[in-house]
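Let me begin by presenting the structure, written as C-alpha cells, before commenting on it.
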There are 2 protein chains.
Amino acid sequence: MSGADGVSARMRAVEEAHRAYYAAWERGDTAAATSLWVDSDDISCTFPGVPGVIGRRAVFEQVVEGIVLTAGVQFIFEDLRIVVRGDVARLTCVENVLLPGTLSLAEMVDLPTSRLAVTSLFRAVGADWRLWTHHAGPVMGDVERRTE
Amino acid sequence: MSGADGVSARMRAVEEAHRAYYAAWERGDTAAATSLWVDSDDISCTFPGVPGVIGRRAVFEQVVEGIVLTAGVQFIFEDLRIVVRGDVARLTCVENVLLPGTLSLAEMVDLPTSRLAVTSLFRAVGADWRLWTHHAGPVMGDVERRTE
C-alpha cells in the first residue's frame, strides 16, 4: 500500500470509528458506545454547556446518561474533516442533533440550539481507532437566524 | 532525568506554552500568539458559539480578530489538567474571560457567559510545545445560577 493509500485507509478507519460510536448512541447501546473509548483513565469528554470531565468513570457516567436521555436521537454531520498524525487522529465536524417528538436539547441541557461544533481525538489501539478526547460545544449563531 | 521527572517536566512545558499563548493574547501581541501554533495547515480552532475552522489562514484570522476585539481581557483558569502522550499533549480547563469596562462576550459573540470549557492539544516541535487544536465552548449553567 502506498503512503497516500495508507493515509486514506487510516482516515476511513477513523471515520468508521466515529460513525460506529454515534450509531451505538442512536440505538441506545451504552456498552458498545463506551467500548469505543480508549481503555484509559486519561480520556476526557466535554458535553455542550458544561465543563469537561476526565476519567473512565466520569466520562462513561455522562455518556450513558446522555444516551438514556436522548433515546430516539439521530445525528447528522456536516463538514467532517479528519487529520491523522502518527497514532493520533483528529476529527472535526458540525453535529446536528435531531430529537424525537417534543424533546429538545434546550430542555435537557439549557441550550437553545441543536447544532454542535465537535472536536474528537482518536488514538490507534492495535488495528482500531478509539476515542481519547471529545469536545462538543453549542453553535449559537444559527439559532438566531432560524428564529428571525 | 527519571521517567516521572521527564513527564513532570513535559507537563510543565505544556502549561508554560498554554500560559505564554494566553499572556500574548492578554497583551494584544498577535505575532507572539500566532507563533505559538504548530506551523501547519492542519491546525484547527473552535471558538465559543461558532463552528470550528481549519488551516493557518482561517485560524490566524480568528485569533487576530479575537485578540483585537477583546483588548484589555484577562483570563483566569480553573481545573487545569494536562496529559502528555508521546509528542501530543492535551490540556483541559475552565477559562474565565474577564473583559474591561462595559464589554461582554454576550455583545461580541452572543454568549450569555464568561466561562468556557477548553480542550487544547499541543504537539512537541523540537524542544517546544505548540498549539495544534483548540476548542473553547461556553459553559451555560453558571449563568443561570448567577442571575437567579
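How things are named: the first chain in the C-alpha cells is A, the next is B, and so on; residues count from 1 in each chain; ligands count from 1 in the order shown.
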Near chain B, which residues of chain A fall within 7 Å when you count only C-alpha atoms, and what do they look like as an NGL selection string? :A and (49-52 or 94 or 117 or 137-141)
Restricted to C-alpha atoms, what would the selected residues look like written as a PDB file, in the first residue's frame?
ATOM      1  CA  GLY A  49     -22.852  23.755  28.020  1.00  0.00           C
ATOM      2  CA  VAL A  50     -20.974  22.086  30.855  1.00  0.00           C
ATOM      3  CA  PRO A  51     -17.333  21.779  31.990  1.00  0.00           C
ATOM      4  CA  GLY A  52     -15.432  18.746  30.774  1.00  0.00           C
ATOM      5  CA  VAL A  94     -20.721  20.138  12.962  1.00  0.00           C
ATOM      6  CA  ALA A 117     -19.204  22.073  16.962  1.00  0.00           C
ATOM      7  CA  GLY A 137     -19.816  22.921  22.068  1.00  0.00           C
ATOM      8  CA  PRO A 138     -23.026  24.688  21.053  1.00  0.00           C
ATOM      9  CA  VAL A 139     -23.112  26.658  17.804  1.00  0.00           C
ATOM     10  CA  MET A 140     -25.205  29.642  18.799  1.00  0.00           C
ATOM     11  CA  GLY A 141     -25.463  31.899  15.777  1.00  0.00           C
TER      12      GLY A 141
END
Residues of segment 45-142 of chain B in strand (DSSP E), written as a PyMOL selection string: chain B and resi 45-46+53-54+74-85+88-98+115-125+128-138
Selection file, N, CA and C atoms, as a short mmCIF file (atom, residue, chain, number, x, y, z; two decimals), in the first residue's frame:
data_model
loop_
_atom_site.label_atom_id
_atom_site.label_comp_id
_atom_site.auth_asym_id
_atom_site.auth_seq_id
_atom_site.Cartn_x
_atom_site.Cartn_y
_atom_site.Cartn_z
N CYS B 45 -9.19 25.33 15.14
CA CYS B 45 -9.59 26.22 16.24
C CYS B 45 -11.10 26.37 16.24
N THR B 46 -11.71 26.12 17.39
CA THR B 46 -13.15 26.29 17.52
C THR B 46 -13.41 27.27 18.66
N VAL B 53 -12.76 26.20 12.62
CA VAL B 53 -12.06 26.46 11.36
C VAL B 53 -10.74 25.70 11.36
N ILE B 54 -10.26 25.41 10.16
CA ILE B 54 -9.02 24.64 9.99
C ILE B 54 -8.09 25.40 9.06
N GLN B 74 -8.58 39.71 30.52
CA GLN B 74 -7.75 38.86 31.39
C GLN B 74 -8.39 37.49 31.50
N PHE B 75 -7.54 36.48 31.56
CA PHE B 75 -8.04 35.11 31.65
C PHE B 75 -7.67 34.51 33.00
N ILE B 76 -8.62 33.82 33.59
CA ILE B 76 -8.34 33.07 34.82
C ILE B 76 -8.77 31.62 34.58
N PHE B 77 -7.87 30.71 34.90
CA PHE B 77 -8.12 29.29 34.60
C PHE B 77 -8.43 28.51 35.87
N GLU B 78 -9.37 27.57 35.73
CA GLU B 78 -9.67 26.65 36.82
C GLU B 78 -9.50 25.22 36.31
N ASP B 79 -9.20 24.34 37.22
CA ASP B 79 -9.23 22.89 36.95
C ASP B 79 -8.38 22.53 35.74
N LEU B 80 -7.18 23.09 35.72
CA LEU B 80 -6.28 22.86 34.59
C LEU B 80 -5.67 21.46 34.70
N ARG B 81 -5.88 20.66 33.66
CA ARG B 81 -5.39 19.27 33.67
C ARG B 81 -4.61 19.01 32.38
N ILE B 82 -3.44 18.41 32.54
CA ILE B 82 -2.59 18.14 31.38
C ILE B 82 -2.25 16.66 31.32
N VAL B 83 -2.35 16.09 30.12
CA VAL B 83 -1.93 14.71 29.87
C VAL B 83 -0.95 14.74 28.71
N VAL B 84 0.22 14.14 28.89
CA VAL B 84 1.21 14.06 27.81
C VAL B 84 1.29 12.61 27.35
N ARG B 85 1.17 12.41 26.06
CA ARG B 85 1.29 11.06 25.48
C ARG B 85 2.15 11.16 24.25
N VAL B 88 2.24 14.31 21.80
CA VAL B 88 0.96 15.02 21.87
C VAL B 88 0.61 15.26 23.33
N ALA B 89 0.11 16.44 23.62
CA ALA B 89 -0.35 16.73 24.98
C ALA B 89 -1.73 17.35 24.90
N ARG B 90 -2.55 16.99 25.88
CA ARG B 90 -3.90 17.57 25.95
C ARG B 90 -4.02 18.39 27.23
N LEU B 91 -4.51 19.59 27.09
CA LEU B 91 -4.76 20.46 28.24
C LEU B 91 -6.25 20.76 28.28
N THR B 92 -6.87 20.52 29.43
CA THR B 92 -8.27 20.89 29.61
C THR B 92 -8.37 21.83 30.80
N CYS B 93 -9.30 22.76 30.73
CA CYS B 93 -9.51 23.68 31.85
C CYS B 93 -10.84 24.40 31.65
N VAL B 94 -11.24 25.14 32.67
CA VAL B 94 -12.30 26.12 32.51
C VAL B 94 -11.63 27.48 32.44
N GLU B 95 -11.97 28.24 31.42
CA GLU B 95 -11.37 29.56 31.18
C GLU B 95 -12.40 30.62 31.52
N ASN B 96 -12.04 31.50 32.46
CA ASN B 96 -12.90 32.64 32.80
C ASN B 96 -12.40 33.87 32.08
N VAL B 97 -13.28 34.49 31.33
CA VAL B 97 -12.91 35.62 30.48
C VAL B 97 -13.36 36.91 31.16
N LEU B 98 -12.39 37.71 31.60
CA LEU B 98 -12.71 38.97 32.27
C LEU B 98 -12.44 40.11 31.32
N ARG B 115 -17.69 32.02 31.03
CA ARG B 115 -16.96 30.79 31.37
C ARG B 115 -16.93 29.87 30.16
N LEU B 116 -15.75 29.37 29.85
CA LEU B 116 -15.59 28.50 28.68
C LEU B 116 -14.93 27.20 29.10
N ALA B 117 -15.42 26.10 28.55
CA ALA B 117 -14.74 24.81 28.71
C ALA B 117 -13.73 24.69 27.57
N VAL B 118 -12.47 24.45 27.92
CA VAL B 118 -11.40 24.44 26.92
C VAL B 118 -10.75 23.07 26.81
N THR B 119 -10.55 22.64 25.56
CA THR B 119 -9.70 21.49 25.27
C THR B 119 -8.66 21.96 24.25
N SER B 120 -7.38 21.94 24.64
CA SER B 120 -6.31 22.31 23.73
C SER B 120 -5.37 21.12 23.54
N LEU B 121 -4.97 20.91 22.31
CA LEU B 121 -3.98 19.86 22.00
C LEU B 121 -2.70 20.53 21.56
N PHE B 122 -1.60 20.09 22.14
CA PHE B 122 -0.28 20.60 21.79
C PHE B 122 0.53 19.49 21.15
N ARG B 123 1.46 19.87 20.29
CA ARG B 123 2.40 18.91 19.72
C ARG B 123 3.81 19.37 20.03
N ALA B 124 4.68 18.39 20.27
CA ALA B 124 6.09 18.71 20.51
C ALA B 124 6.73 19.09 19.18
N VAL B 125 7.38 20.26 19.16
CA VAL B 125 8.10 20.73 17.98
C VAL B 125 9.51 21.05 18.47
N ASP B 128 10.00 22.56 21.97
CA ASP B 128 8.82 23.37 22.32
C ASP B 128 7.52 22.59 22.18
N TRP B 129 6.50 23.10 22.78
CA TRP B 129 5.13 22.61 22.58
C TRP B 129 4.34 23.71 21.89
N ARG B 130 3.65 23.32 20.83
CA ARG B 130 2.86 24.31 20.07
C ARG B 130 1.41 23.85 19.97
N LEU B 131 0.52 24.81 19.89
CA LEU B 131 -0.91 24.51 19.75
C LEU B 131 -1.19 23.85 18.40
N TRP B 132 -1.92 22.77 18.43
CA TRP B 132 -2.32 22.07 17.21
C TRP B 132 -3.84 22.19 17.02
N THR B 133 -4.55 22.18 18.16
CA THR B 133 -6.01 22.16 18.14
C THR B 133 -6.50 22.88 19.39
N HIS B 134 -7.47 23.75 19.22
CA HIS B 134 -8.04 24.46 20.37
C HIS B 134 -9.56 24.47 20.20
N HIS B 135 -10.25 24.12 21.26
CA HIS B 135 -11.72 24.15 21.23
C HIS B 135 -12.20 24.77 22.55
N ALA B 136 -12.89 25.90 22.46
CA ALA B 136 -13.47 26.54 23.64
C ALA B 136 -14.97 26.63 23.45
N GLY B 137 -15.71 26.03 24.36
CA GLY B 137 -17.18 26.06 24.27
C GLY B 137 -17.76 26.70 25.52
N PRO B 138 -18.89 27.40 25.38
CA PRO B 138 -19.49 28.09 26.52
C PRO B 138 -20.00 27.12 27.59
#
Apply DSSP to the backbone of this structure and, from chain A, keep only the residues in helix (DSSP H, G or I); write these as a VMD selection string. chain A and resid 3 to 26 30 to 35 56 to 69 105 to 109 141 to 147
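In this model, the gap between atom CA of Val73 of chain A and atom CA of Arg57 of chain A comes to 23.5 Å.
Between atom CA of Ala24 of chain A and atom CA of Val64 of chain A lies a distance of 11.1 Å.
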